[in-house]
file my_file-v8.cif (mmCIF, N, CA and C atoms and all ligand atoms)
data_coords
loop_
_atom_site.label_atom_id
_atom_site.label_comp_id
_atom_site.auth_asym_id
_atom_site.auth_seq_id
_atom_site.Cartn_x
_atom_site.Cartn_y
_atom_site.Cartn_z
N MET J 1 -58.54 -29.49 185.56
CA MET J 1 -59.32 -30.21 184.54
C MET J 1 -58.47 -30.38 183.28
N GLY J 2 -59.10 -30.70 182.19
CA GLY J 2 -58.37 -30.95 180.95
C GLY J 2 -58.09 -32.43 180.79
N TYR J 3 -57.33 -32.77 179.78
CA TYR J 3 -57.07 -34.16 179.45
C TYR J 3 -55.76 -34.59 180.08
N ASP J 4 -55.85 -35.52 181.01
CA ASP J 4 -54.67 -35.95 181.77
C ASP J 4 -54.43 -37.43 181.48
N TYR J 5 -53.50 -37.74 180.59
CA TYR J 5 -53.30 -39.12 180.14
C TYR J 5 -52.37 -39.87 181.09
N ASP J 6 -52.79 -41.07 181.50
CA ASP J 6 -52.02 -41.91 182.41
C ASP J 6 -51.24 -42.95 181.58
N ASP J 7 -49.93 -42.80 181.51
CA ASP J 7 -49.10 -43.70 180.69
C ASP J 7 -49.07 -45.13 181.20
N GLN J 8 -49.56 -45.37 182.41
CA GLN J 8 -49.56 -46.73 182.97
C GLN J 8 -50.87 -47.46 182.74
N ASN J 9 -51.83 -46.84 182.03
CA ASN J 9 -53.09 -47.56 181.81
C ASN J 9 -52.85 -48.80 180.95
N VAL J 10 -53.76 -49.76 181.06
CA VAL J 10 -53.51 -51.09 180.47
C VAL J 10 -53.37 -51.03 178.94
N PHE J 11 -54.08 -50.12 178.30
CA PHE J 11 -53.97 -50.07 176.82
C PHE J 11 -52.66 -49.41 176.40
N ALA J 12 -52.16 -48.48 177.19
CA ALA J 12 -50.84 -47.91 176.91
C ALA J 12 -49.79 -49.02 177.02
N ARG J 13 -49.97 -49.89 177.99
CA ARG J 13 -49.02 -50.99 178.18
C ARG J 13 -49.14 -52.01 177.04
N ILE J 14 -50.35 -52.25 176.55
CA ILE J 14 -50.52 -53.11 175.37
C ILE J 14 -49.80 -52.49 174.17
N LEU J 15 -49.98 -51.18 173.97
CA LEU J 15 -49.34 -50.51 172.82
C LEU J 15 -47.82 -50.56 172.92
N ARG J 16 -47.28 -50.57 174.14
CA ARG J 16 -45.82 -50.65 174.30
C ARG J 16 -45.33 -52.11 174.23
N GLY J 17 -46.25 -53.06 174.10
CA GLY J 17 -45.87 -54.47 174.03
C GLY J 17 -45.57 -55.08 175.39
N GLU J 18 -45.98 -54.43 176.46
CA GLU J 18 -45.70 -54.94 177.81
C GLU J 18 -46.73 -55.99 178.24
N ILE J 19 -47.91 -55.97 177.60
CA ILE J 19 -48.99 -56.90 177.90
C ILE J 19 -49.43 -57.49 176.56
N PRO J 20 -49.64 -58.82 176.51
CA PRO J 20 -50.07 -59.40 175.23
C PRO J 20 -51.51 -59.01 174.88
N ASN J 21 -51.82 -59.11 173.61
CA ASN J 21 -53.21 -58.88 173.20
C ASN J 21 -53.49 -59.76 171.98
N GLU J 22 -54.76 -60.00 171.76
CA GLU J 22 -55.18 -60.79 170.60
C GLU J 22 -55.58 -59.83 169.49
N THR J 23 -54.58 -59.45 168.69
CA THR J 23 -54.80 -58.42 167.66
C THR J 23 -55.69 -58.94 166.55
N VAL J 24 -56.64 -58.09 166.16
CA VAL J 24 -57.52 -58.39 165.02
C VAL J 24 -57.04 -57.63 163.79
N LEU J 25 -56.62 -56.39 163.99
CA LEU J 25 -56.18 -55.55 162.87
C LEU J 25 -55.31 -54.43 163.43
N GLU J 26 -54.25 -54.12 162.69
CA GLU J 26 -53.38 -53.01 163.10
C GLU J 26 -53.06 -52.17 161.88
N THR J 27 -53.15 -50.86 162.05
CA THR J 27 -52.78 -49.93 160.98
C THR J 27 -51.77 -48.94 161.56
N GLU J 28 -51.43 -47.93 160.76
CA GLU J 28 -50.43 -46.96 161.21
C GLU J 28 -50.83 -46.29 162.53
N HIS J 29 -52.11 -45.94 162.67
CA HIS J 29 -52.54 -45.14 163.83
C HIS J 29 -53.50 -45.86 164.76
N THR J 30 -53.88 -47.10 164.43
CA THR J 30 -55.00 -47.75 165.13
C THR J 30 -54.68 -49.21 165.41
N LEU J 31 -55.15 -49.69 166.57
CA LEU J 31 -55.01 -51.11 166.91
C LEU J 31 -56.38 -51.64 167.33
N ALA J 32 -56.72 -52.83 166.85
CA ALA J 32 -57.97 -53.50 167.24
C ALA J 32 -57.61 -54.86 167.81
N PHE J 33 -58.20 -55.19 168.96
CA PHE J 33 -57.89 -56.47 169.61
C PHE J 33 -59.12 -56.95 170.38
N ARG J 34 -59.13 -58.25 170.70
CA ARG J 34 -60.27 -58.85 171.39
C ARG J 34 -60.34 -58.38 172.84
N ASP J 35 -61.56 -58.09 173.28
CA ASP J 35 -61.76 -57.76 174.69
C ASP J 35 -61.52 -59.01 175.54
N ILE J 36 -60.79 -58.83 176.62
CA ILE J 36 -60.41 -59.97 177.46
C ILE J 36 -61.61 -60.55 178.21
N ARG J 37 -62.66 -59.76 178.38
CA ARG J 37 -63.89 -60.24 179.02
C ARG J 37 -65.06 -60.01 178.05
N ALA J 38 -65.04 -60.79 176.98
CA ALA J 38 -66.02 -60.59 175.91
C ALA J 38 -67.44 -60.70 176.44
N GLN J 39 -68.28 -59.76 176.04
CA GLN J 39 -69.68 -59.76 176.48
C GLN J 39 -70.64 -60.15 175.35
N ALA J 40 -70.07 -60.56 174.23
CA ALA J 40 -70.84 -61.02 173.08
C ALA J 40 -69.91 -61.90 172.26
N PRO J 41 -70.46 -62.72 171.35
CA PRO J 41 -69.58 -63.58 170.53
C PRO J 41 -68.50 -62.78 169.81
N VAL J 42 -68.84 -61.58 169.36
CA VAL J 42 -67.82 -60.67 168.82
C VAL J 42 -67.70 -59.49 169.78
N HIS J 43 -66.51 -59.26 170.30
CA HIS J 43 -66.29 -58.10 171.18
C HIS J 43 -64.84 -57.65 170.96
N VAL J 44 -64.72 -56.62 170.15
CA VAL J 44 -63.41 -56.11 169.74
C VAL J 44 -63.27 -54.67 170.23
N LEU J 45 -62.10 -54.34 170.71
CA LEU J 45 -61.79 -52.96 171.14
C LEU J 45 -60.94 -52.31 170.06
N VAL J 46 -61.28 -51.09 169.72
CA VAL J 46 -60.53 -50.34 168.71
C VAL J 46 -59.96 -49.11 169.40
N ILE J 47 -58.63 -48.97 169.33
CA ILE J 47 -57.99 -47.85 170.03
C ILE J 47 -57.04 -47.11 169.08
N PRO J 48 -56.96 -45.79 169.26
CA PRO J 48 -55.92 -45.06 168.55
C PRO J 48 -54.57 -45.32 169.24
N LYS J 49 -53.49 -45.25 168.50
CA LYS J 49 -52.18 -45.46 169.12
C LYS J 49 -51.72 -44.22 169.88
N GLY J 50 -52.34 -43.09 169.61
CA GLY J 50 -51.96 -41.85 170.29
C GLY J 50 -52.49 -41.79 171.72
N ARG J 51 -51.99 -40.81 172.46
CA ARG J 51 -52.28 -40.68 173.89
C ARG J 51 -53.56 -39.87 174.09
N TYR J 52 -54.71 -40.53 173.92
CA TYR J 52 -55.99 -39.85 174.09
C TYR J 52 -56.80 -40.57 175.17
N VAL J 53 -57.36 -39.79 176.06
CA VAL J 53 -58.07 -40.33 177.21
C VAL J 53 -59.47 -40.82 176.83
N SER J 54 -60.13 -40.08 175.96
CA SER J 54 -61.55 -40.30 175.72
C SER J 54 -61.89 -39.97 174.27
N TYR J 55 -63.11 -40.29 173.89
CA TYR J 55 -63.54 -39.97 172.52
C TYR J 55 -63.53 -38.46 172.30
N ASP J 56 -63.98 -37.70 173.28
CA ASP J 56 -64.00 -36.23 173.09
C ASP J 56 -62.59 -35.68 172.98
N HIS J 57 -61.65 -36.27 173.73
CA HIS J 57 -60.25 -35.86 173.62
C HIS J 57 -59.73 -36.16 172.22
N PHE J 58 -60.00 -37.36 171.75
CA PHE J 58 -59.56 -37.78 170.41
C PHE J 58 -60.14 -36.86 169.34
N GLY J 59 -61.44 -36.63 169.42
CA GLY J 59 -62.09 -35.80 168.41
C GLY J 59 -61.59 -34.37 168.40
N ALA J 60 -61.20 -33.89 169.60
CA ALA J 60 -60.75 -32.50 169.70
C ALA J 60 -59.30 -32.33 169.28
N GLU J 61 -58.45 -33.31 169.58
CA GLU J 61 -57.00 -33.07 169.44
C GLU J 61 -56.25 -34.01 168.49
N ALA J 62 -56.87 -35.08 168.06
CA ALA J 62 -56.16 -35.98 167.13
C ALA J 62 -56.01 -35.30 165.77
N SER J 63 -55.00 -35.75 165.01
CA SER J 63 -54.80 -35.21 163.66
C SER J 63 -55.87 -35.78 162.72
N ASP J 64 -56.05 -35.11 161.61
CA ASP J 64 -56.99 -35.62 160.60
C ASP J 64 -56.58 -37.03 160.18
N ALA J 65 -55.29 -37.26 160.03
CA ALA J 65 -54.82 -38.59 159.60
C ALA J 65 -55.21 -39.67 160.62
N GLU J 66 -55.07 -39.35 161.90
CA GLU J 66 -55.44 -40.33 162.94
C GLU J 66 -56.95 -40.60 162.92
N ILE J 67 -57.73 -39.54 162.75
CA ILE J 67 -59.19 -39.70 162.78
C ILE J 67 -59.68 -40.48 161.57
N VAL J 68 -59.12 -40.16 160.41
CA VAL J 68 -59.52 -40.89 159.20
C VAL J 68 -59.11 -42.36 159.32
N ASP J 69 -57.90 -42.59 159.78
CA ASP J 69 -57.42 -43.97 159.93
C ASP J 69 -58.32 -44.75 160.89
N PHE J 70 -58.66 -44.13 162.01
CA PHE J 70 -59.50 -44.79 163.01
C PHE J 70 -60.86 -45.15 162.42
N THR J 71 -61.47 -44.18 161.75
CA THR J 71 -62.83 -44.38 161.23
C THR J 71 -62.85 -45.42 160.12
N ARG J 72 -61.89 -45.36 159.24
CA ARG J 72 -61.82 -46.34 158.16
C ARG J 72 -61.52 -47.74 158.71
N THR J 73 -60.68 -47.81 159.71
CA THR J 73 -60.34 -49.11 160.30
C THR J 73 -61.57 -49.72 160.96
N LEU J 74 -62.34 -48.88 161.64
CA LEU J 74 -63.55 -49.37 162.29
C LEU J 74 -64.52 -49.94 161.24
N ALA J 75 -64.68 -49.22 160.15
CA ALA J 75 -65.58 -49.71 159.09
C ALA J 75 -65.06 -51.02 158.50
N ARG J 76 -63.75 -51.07 158.31
CA ARG J 76 -63.15 -52.29 157.76
C ARG J 76 -63.36 -53.48 158.71
N LEU J 77 -63.25 -53.22 159.99
CA LEU J 77 -63.47 -54.28 160.99
C LEU J 77 -64.91 -54.80 160.92
N CYS J 78 -65.87 -53.88 160.82
CA CYS J 78 -67.27 -54.31 160.76
C CYS J 78 -67.49 -55.24 159.57
N ALA J 79 -66.83 -54.92 158.47
CA ALA J 79 -66.95 -55.78 157.28
C ALA J 79 -66.22 -57.10 157.50
N GLU J 80 -64.98 -57.02 157.98
CA GLU J 80 -64.16 -58.25 158.09
C GLU J 80 -64.66 -59.18 159.19
N LEU J 81 -65.38 -58.63 160.17
CA LEU J 81 -65.95 -59.47 161.23
C LEU J 81 -67.33 -59.99 160.84
N ASP J 82 -67.72 -59.71 159.59
CA ASP J 82 -69.02 -60.17 159.04
C ASP J 82 -70.21 -59.61 159.80
N LEU J 83 -70.10 -58.38 160.26
CA LEU J 83 -71.18 -57.75 161.00
C LEU J 83 -71.95 -56.73 160.18
N ALA J 84 -71.32 -56.21 159.13
CA ALA J 84 -71.90 -55.08 158.39
C ALA J 84 -73.18 -55.48 157.67
N PRO J 85 -74.31 -54.81 157.94
CA PRO J 85 -75.58 -55.15 157.30
C PRO J 85 -75.50 -55.07 155.78
N ALA J 86 -74.72 -54.16 155.25
CA ALA J 86 -74.64 -54.00 153.79
C ALA J 86 -74.08 -55.25 153.13
N ASP J 87 -73.33 -56.03 153.90
CA ASP J 87 -72.75 -57.27 153.34
C ASP J 87 -73.50 -58.51 153.82
N GLY J 88 -74.70 -58.31 154.35
CA GLY J 88 -75.48 -59.45 154.83
C GLY J 88 -75.24 -59.78 156.29
N GLY J 89 -74.43 -58.98 156.97
CA GLY J 89 -74.19 -59.21 158.40
C GLY J 89 -75.41 -58.85 159.23
N ALA J 90 -75.47 -59.38 160.44
CA ALA J 90 -76.64 -59.19 161.30
C ALA J 90 -76.62 -57.85 162.04
N GLY J 91 -75.52 -57.11 161.92
CA GLY J 91 -75.43 -55.81 162.60
C GLY J 91 -74.53 -55.86 163.82
N TYR J 92 -74.40 -54.74 164.45
CA TYR J 92 -73.45 -54.60 165.56
C TYR J 92 -73.82 -53.37 166.38
N ARG J 93 -73.13 -53.20 167.47
CA ARG J 93 -73.28 -51.96 168.26
C ARG J 93 -71.89 -51.44 168.60
N LEU J 94 -71.74 -50.13 168.51
CA LEU J 94 -70.52 -49.47 168.96
C LEU J 94 -70.81 -48.84 170.31
N ILE J 95 -69.92 -49.06 171.26
CA ILE J 95 -70.08 -48.50 172.60
C ILE J 95 -68.82 -47.73 172.97
N VAL J 96 -69.02 -46.52 173.46
CA VAL J 96 -67.89 -45.72 173.94
C VAL J 96 -68.25 -45.21 175.33
N ASN J 97 -67.51 -45.64 176.31
CA ASN J 97 -67.73 -45.17 177.68
C ASN J 97 -66.73 -44.06 177.99
N ALA J 98 -67.17 -43.05 178.73
CA ALA J 98 -66.26 -41.97 179.11
C ALA J 98 -66.55 -41.52 180.52
N GLY J 99 -65.49 -41.42 181.29
CA GLY J 99 -65.59 -40.82 182.62
C GLY J 99 -66.41 -41.63 183.61
N ALA J 100 -66.75 -40.98 184.71
CA ALA J 100 -67.41 -41.66 185.83
C ALA J 100 -68.81 -42.12 185.46
N ALA J 101 -69.60 -41.26 184.85
CA ALA J 101 -70.99 -41.64 184.53
C ALA J 101 -71.02 -42.76 183.50
N GLY J 102 -70.05 -42.77 182.60
CA GLY J 102 -69.99 -43.82 181.58
C GLY J 102 -69.33 -45.09 182.07
N LEU J 103 -68.87 -45.08 183.32
CA LEU J 103 -68.16 -46.23 183.91
C LEU J 103 -66.97 -46.65 183.05
N GLN J 104 -66.21 -45.66 182.58
CA GLN J 104 -65.01 -45.97 181.80
C GLN J 104 -63.97 -46.59 182.73
N GLU J 105 -63.54 -47.79 182.35
CA GLU J 105 -62.58 -48.53 183.19
C GLU J 105 -61.14 -48.21 182.80
N VAL J 106 -60.89 -48.13 181.50
CA VAL J 106 -59.53 -47.92 181.01
C VAL J 106 -59.44 -46.51 180.39
N PRO J 107 -58.59 -45.65 180.95
CA PRO J 107 -58.56 -44.25 180.49
C PRO J 107 -57.69 -44.03 179.26
N HIS J 108 -57.92 -44.86 178.25
CA HIS J 108 -57.34 -44.66 176.91
C HIS J 108 -58.50 -44.83 175.95
N MET J 109 -58.72 -43.85 175.11
CA MET J 109 -59.87 -43.85 174.19
C MET J 109 -60.05 -45.19 173.49
N HIS J 110 -61.26 -45.73 173.54
CA HIS J 110 -61.54 -46.98 172.84
C HIS J 110 -63.01 -47.07 172.46
N VAL J 111 -63.25 -47.74 171.36
CA VAL J 111 -64.60 -48.05 170.92
C VAL J 111 -64.76 -49.56 171.00
N HIS J 112 -65.84 -50.00 171.66
CA HIS J 112 -66.18 -51.43 171.67
C HIS J 112 -67.02 -51.71 170.41
N ILE J 113 -66.66 -52.75 169.67
CA ILE J 113 -67.55 -53.29 168.64
C ILE J 113 -68.11 -54.59 169.20
N VAL J 114 -69.43 -54.65 169.36
CA VAL J 114 -70.04 -55.88 169.86
C VAL J 114 -71.07 -56.38 168.86
N GLY J 115 -71.14 -57.69 168.72
CA GLY J 115 -72.09 -58.28 167.79
C GLY J 115 -72.06 -59.79 167.91
N GLY J 116 -72.75 -60.43 166.99
CA GLY J 116 -72.76 -61.90 166.99
C GLY J 116 -73.95 -62.46 167.73
N ARG J 117 -74.76 -61.61 168.32
CA ARG J 117 -76.02 -62.03 168.93
C ARG J 117 -76.93 -60.81 168.98
N SER J 118 -78.21 -61.04 169.29
CA SER J 118 -79.11 -59.91 169.46
C SER J 118 -78.69 -59.15 170.72
N LEU J 119 -78.61 -57.84 170.62
CA LEU J 119 -77.96 -57.05 171.67
C LEU J 119 -78.95 -56.39 172.63
N GLY J 120 -80.23 -56.59 172.42
CA GLY J 120 -81.20 -56.05 173.37
C GLY J 120 -81.30 -54.54 173.27
N ARG J 121 -81.98 -53.96 174.25
CA ARG J 121 -82.19 -52.51 174.23
C ARG J 121 -80.87 -51.78 174.46
N MET J 122 -80.84 -50.55 174.03
CA MET J 122 -79.60 -49.80 174.08
C MET J 122 -79.16 -49.52 175.52
N LEU J 123 -80.12 -49.18 176.38
CA LEU J 123 -79.81 -48.87 177.77
C LEU J 123 -80.84 -49.54 178.67
N PRO J 124 -80.46 -49.89 179.90
CA PRO J 124 -81.47 -50.38 180.85
C PRO J 124 -82.49 -49.27 181.13
N ALA J 125 -83.65 -49.66 181.59
CA ALA J 125 -84.75 -48.70 181.72
C ALA J 125 -84.42 -47.56 182.67
N SER J 126 -83.66 -47.80 183.72
CA SER J 126 -83.41 -46.70 184.67
C SER J 126 -81.93 -46.31 184.69
P1 LIG U 201 -64.48 -49.54 179.46
O1 LIG U 201 -65.40 -49.81 180.61
O2 LIG U 201 -65.22 -48.97 178.27
O3 LIG U 201 -63.29 -48.70 179.85
O4 LIG U 201 -63.98 -50.94 178.96
C1 LIG U 201 -62.69 -51.43 179.13
C2 LIG U 201 -62.65 -52.81 178.52
O5 LIG U 201 -61.30 -53.22 178.46
C3 LIG U 201 -63.41 -53.88 179.32
O6 LIG U 201 -64.42 -54.45 178.48
C4 LIG U 201 -62.33 -54.90 179.68
O7 LIG U 201 -62.79 -56.23 179.62
C5 LIG U 201 -61.27 -54.61 178.64
N1 LIG U 201 -59.90 -54.97 179.03
C6 LIG U 201 -59.27 -54.66 180.18
N2 LIG U 201 -58.01 -55.14 180.17
C7 LIG U 201 -57.86 -55.76 178.97
C8 LIG U 201 -56.78 -56.46 178.34
N3 LIG U 201 -55.60 -56.62 178.95
N4 LIG U 201 -56.97 -56.97 177.10
C9 LIG U 201 -58.17 -56.82 176.48
N5 LIG U 201 -59.22 -56.16 177.00
C10 LIG U 201 -59.07 -55.64 178.23
#

call {"tool": "encode", "arguments": {"input": "my_file-v8.cif", "output": "structure tokens"}}
result
Amino acid sequence: MGYDYDDQNVFARILRGEIPNETVLETEHTLAFRDIRAQAPVHVLVIPKGRYVSYDHFGAEASDAEIVDFTRTLARLCAELDLAPADGGAGYRLIVNAGAAGLQEVPHMHVHIVGGRSLGRMLPAS
């Protein structure tokens, strides 16, 4: 068990520049880019540049600088994408999938920011 990072995952390859991406914002520790299969008018993925498998891995082992950078970048994105309610935006949803039950497809920690339409209920009924 434990955190086993796969260096060949698609986001690791994006971070190494081996696969193109549509960057929205980049900081010292964080990269945000458009999801290739957008499920809403706004669908942005936010990833730390470090080798973290999941949100729990990131929260447990990332440095304070990485965590602060990630959180501030996410807030900045919500504002710059015109989603933040405080600025008159219609709102958004953050989604983080982990492991088998969460149907995590890419084993590099990422947060989905989705918005631009009404997003319906949080989870299907069953
Ligand atoms: P998850 O199920 O939370 O692991 O979601 C992974 C997301 O990564 C999916 O929404 C995919 O559409 C997205 N994705 C996979 N490959 C790429 C890529 N090369 N560029 C942008 N998004 C991608």

call {"tool": "closest_atom_pairs", "arguments": {"input": "my_file-v8.cif", "of": "chain J", "to": "ligand LIG 201 (chain U)", "cutoff": "8 Å", "atoms": "only C-alpha atoms and all ligand atoms", "output": "JSON lines"}}
result
{"residue": "J:Val10", "atom": "CA", "partner": "U:LIG201", "partner_atom": "N2", "distance": 6.1}
{"residue": "J:Phe11", "atom": "CA", "partner": "U:LIG201", "partner_atom": "N3", "distance": 7.1}
{"residue": "J:Ile14", "atom": "CA", "partner": "U:LIG201", "partner_atom": "N3", "distance": 7.1}
{"residue": "J:Ile19", "atom": "CA", "partner": "U:LIG201", "partner_atom": "N3", "distance": 6.7}
{"residue": "J:Pro20", "atom": "CA", "partner": "U:LIG201", "partner_atom": "N3", "distance": 7.2}
{"residue": "J:Asn21", "atom": "CA", "partner": "U:LIG201", "partner_atom": "N4", "distance": 5.7}
{"residue": "J:Glu22", "atom": "CA", "partner": "U:LIG201", "partner_atom": "C9", "distance": 7.7}
{"residue": "J:Phe33", "atom": "CA", "partner": "U:LIG201", "partner_atom": "C9", "distance": 6.9}
{"residue": "J:Arg34", "atom": "CA", "partner": "U:LIG201", "partner_atom": "C9", "distance": 5.9}
{"residue": "J:Asp35", "atom": "CA", "partner": "U:LIG201", "partner_atom": "N5", "distance": 3.8}
{"residue": "J:Ile36", "atom": "CA", "partner": "U:LIG201", "partner_atom": "C9", "distance": 4.0}
{"residue": "J:Arg37", "atom": "CA", "partner": "U:LIG201", "partner_atom": "O7", "distance": 4.2}
{"residue": "J:Ala38", "atom": "CA", "partner": "U:LIG201", "partner_atom": "O7", "distance": 6.6}
{"residue": "J:Gln39", "atom": "CA", "partner": "U:LIG201", "partner_atom": "O6", "distance": 7.7}
{"residue": "J:Leu45", "atom": "CA", "partner": "U:LIG201", "partner_atom": "N5", "distance": 7.2}
{"residue": "J:Ile95", "atom": "CA", "partner": "U:LIG201", "partner_atom": "O2", "distance": 7.5}
{"residue": "J:Val96", "atom": "CA", "partner": "U:LIG201", "partner_atom": "O2", "distance": 6.0}
{"residue": "J:Asn97", "atom": "CA", "partner": "U:LIG201", "partner_atom": "O2", "distance": 4.6}
{"residue": "J:Ala98", "atom": "CA", "partner": "U:LIG201", "partner_atom": "O2", "distance": 7.1}
{"residue": "J:Gly102", "atom": "CA", "partner": "U:LIG201", "partner_atom": "O1", "distance": 7.6}
{"residue": "J:Leu103", "atom": "CA", "partner": "U:LIG201", "partner_atom": "O1", "distance": 5.6}
{"residue": "J:Gln104", "atom": "CA", "partner": "U:LIG201", "partner_atom": "O3", "distance": 3.8}
{"residue": "J:Glu105", "atom": "CA", "partner": "U:LIG201", "partner_atom": "O3", "distance": 3.4}
{"residue": "J:Val106", "atom": "CA", "partner": "U:LIG201", "partner_atom": "O3", "distance": 4.0}
{"residue": "J:Pro107", "atom": "CA", "partner": "U:LIG201", "partner_atom": "O3", "distance": 6.5}
{"residue": "J:His108", "atom": "CA", "partner": "U:LIG201", "partner_atom": "O3", "distance": 7.8}
{"residue": "J:His110", "atom": "CA", "partner": "U:LIG201", "partner_atom": "O2", "distance": 6.9}
{"residue": "J:Val111", "atom": "CA", "partner": "U:LIG201", "partner_atom": "O2", "distance": 7.4}
{"residue": "J:His112", "atom": "CA", "partner": "U:LIG201", "partner_atom": "O2", "distance": 7.1}

call {"tool": "closest_residue", "arguments": {"input": "my_file-v8.cif", "among": "J:Tyr52, J:Arg121, J:Ala65, J:Arg93", "to": "Tyr5 of chain J", "atoms": "only N, CA and C atoms"}}
result
J:Tyr52

call {"tool": "select_by_dssp", "arguments": {"input": "my_file-v8.cif", "residues": "chain J", "states": "alpha helix (DSSP H)", "output": "MDAnalysis selection string"}}
result
chainID J and resid 10:15 55:61 64:80

call {"tool": "residues_around", "arguments": {"input": "my_file-v8.cif", "residues": "Ile67 of chain J", "least_positions_apart": "6", "cutoff": "8 Å", "atoms": "all atoms listed in the file", "output": "PyMOL selection string"}}
result
chain J and resi 29+58-59+73

call {"tool": "write_last_selection", "arguments": {"input": "my_file-v8.cif", "atoms": "N, CA and C atoms", "output": "PDB file, keeping the file's coordinate frame"}}
result
ATOM      1  N   HIS J  29     -52.110 -45.940 162.670  1.00  0.00           N
ATOM      2  CA  HIS J  29     -52.540 -45.140 163.830  1.00  0.00           C
ATOM      3  C   HIS J  29     -53.500 -45.860 164.760  1.00  0.00           C
ATOM      4  N   PHE J  58     -60.000 -37.360 171.750  1.00  0.00           N
ATOM      5  CA  PHE J  58     -59.560 -37.780 170.410  1.00  0.00           C
ATOM      6  C   PHE J  58     -60.140 -36.860 169.340  1.00  0.00           C
ATOM      7  N   GLY J  59     -61.440 -36.630 169.420  1.00  0.00           N
ATOM      8  CA  GLY J  59     -62.090 -35.800 168.410  1.00  0.00           C
ATOM      9  C   GLY J  59     -61.590 -34.370 168.400  1.00  0.00           C
ATOM     10  N   THR J  73     -60.680 -47.810 159.710  1.00  0.00           N
ATOM     11  CA  THR J  73     -60.340 -49.110 160.300  1.00  0.00           C
ATOM     12  C   THR J  73     -61.570 -49.720 160.960  1.00  0.00           C
TER      13      THR J  73
END

call {"tool": "atom_distance", "arguments": {"input": "my_file-v8.cif", "atom1": "atom CA of Gly115 of chain J", "atom2": "atom C of Thr30 of chain J"}}
result
19.8 Å

call {"tool": "atom_distance", "arguments": {"input": "my_file-v8.cif", "atom1": "atom CA of Ala125 of chain J", "atom2": "atom CA of Tyr92 of chain J"}}
result
20.6 Å

call {"tool": "residues_around", "arguments": {"input": "my_file-v8.cif", "residues": "Leu77 of chain J", "least_positions_apart": "3", "cutoff": "9 Å", "atoms": "only C-alpha atoms", "output": "list of chain:residue names"}}
result
J:Val24, J:Leu25, J:Ala32, J:Val44, J:Arg72, J:Thr73, J:Leu74, J:Glu80, J:Leu81, J:Asp82, J:Leu83, J:Ala84, J:Ile113

call {"tool": "atom_distance", "arguments": {"input": "my_file-v8.cif", "atom1": "atom CA of Tyr3 of chain J", "atom2": "atom N of Leu15 of chain J"}}
result
19.2 Å

call {"tool": "closest_residue", "arguments": {"input": "my_file-v8.cif", "among": "J:Asp69, J:Asn9, J:Ala75, J:Ala101", "to": "Thr27 of chain J", "atoms": "all atoms listed in the file"}}
result
J:Asp69

call {"tool": "select_by_dssp", "arguments": {"input": "my_file-v8.cif", "residues": "chain J", "states": "strand (DSSP E or B)", "output": "list in words"}}
result
Thr23, Val24, Leu25, Glu26, Thr30, Leu31, Ala32, Phe33, Arg34, Val42, His43, Val44, Leu45, Val46, Ile47, Pro48, Tyr92, Arg93, Leu94, Ile95, Val111, His112, Ile113, Val114 and Gly115 of chain J
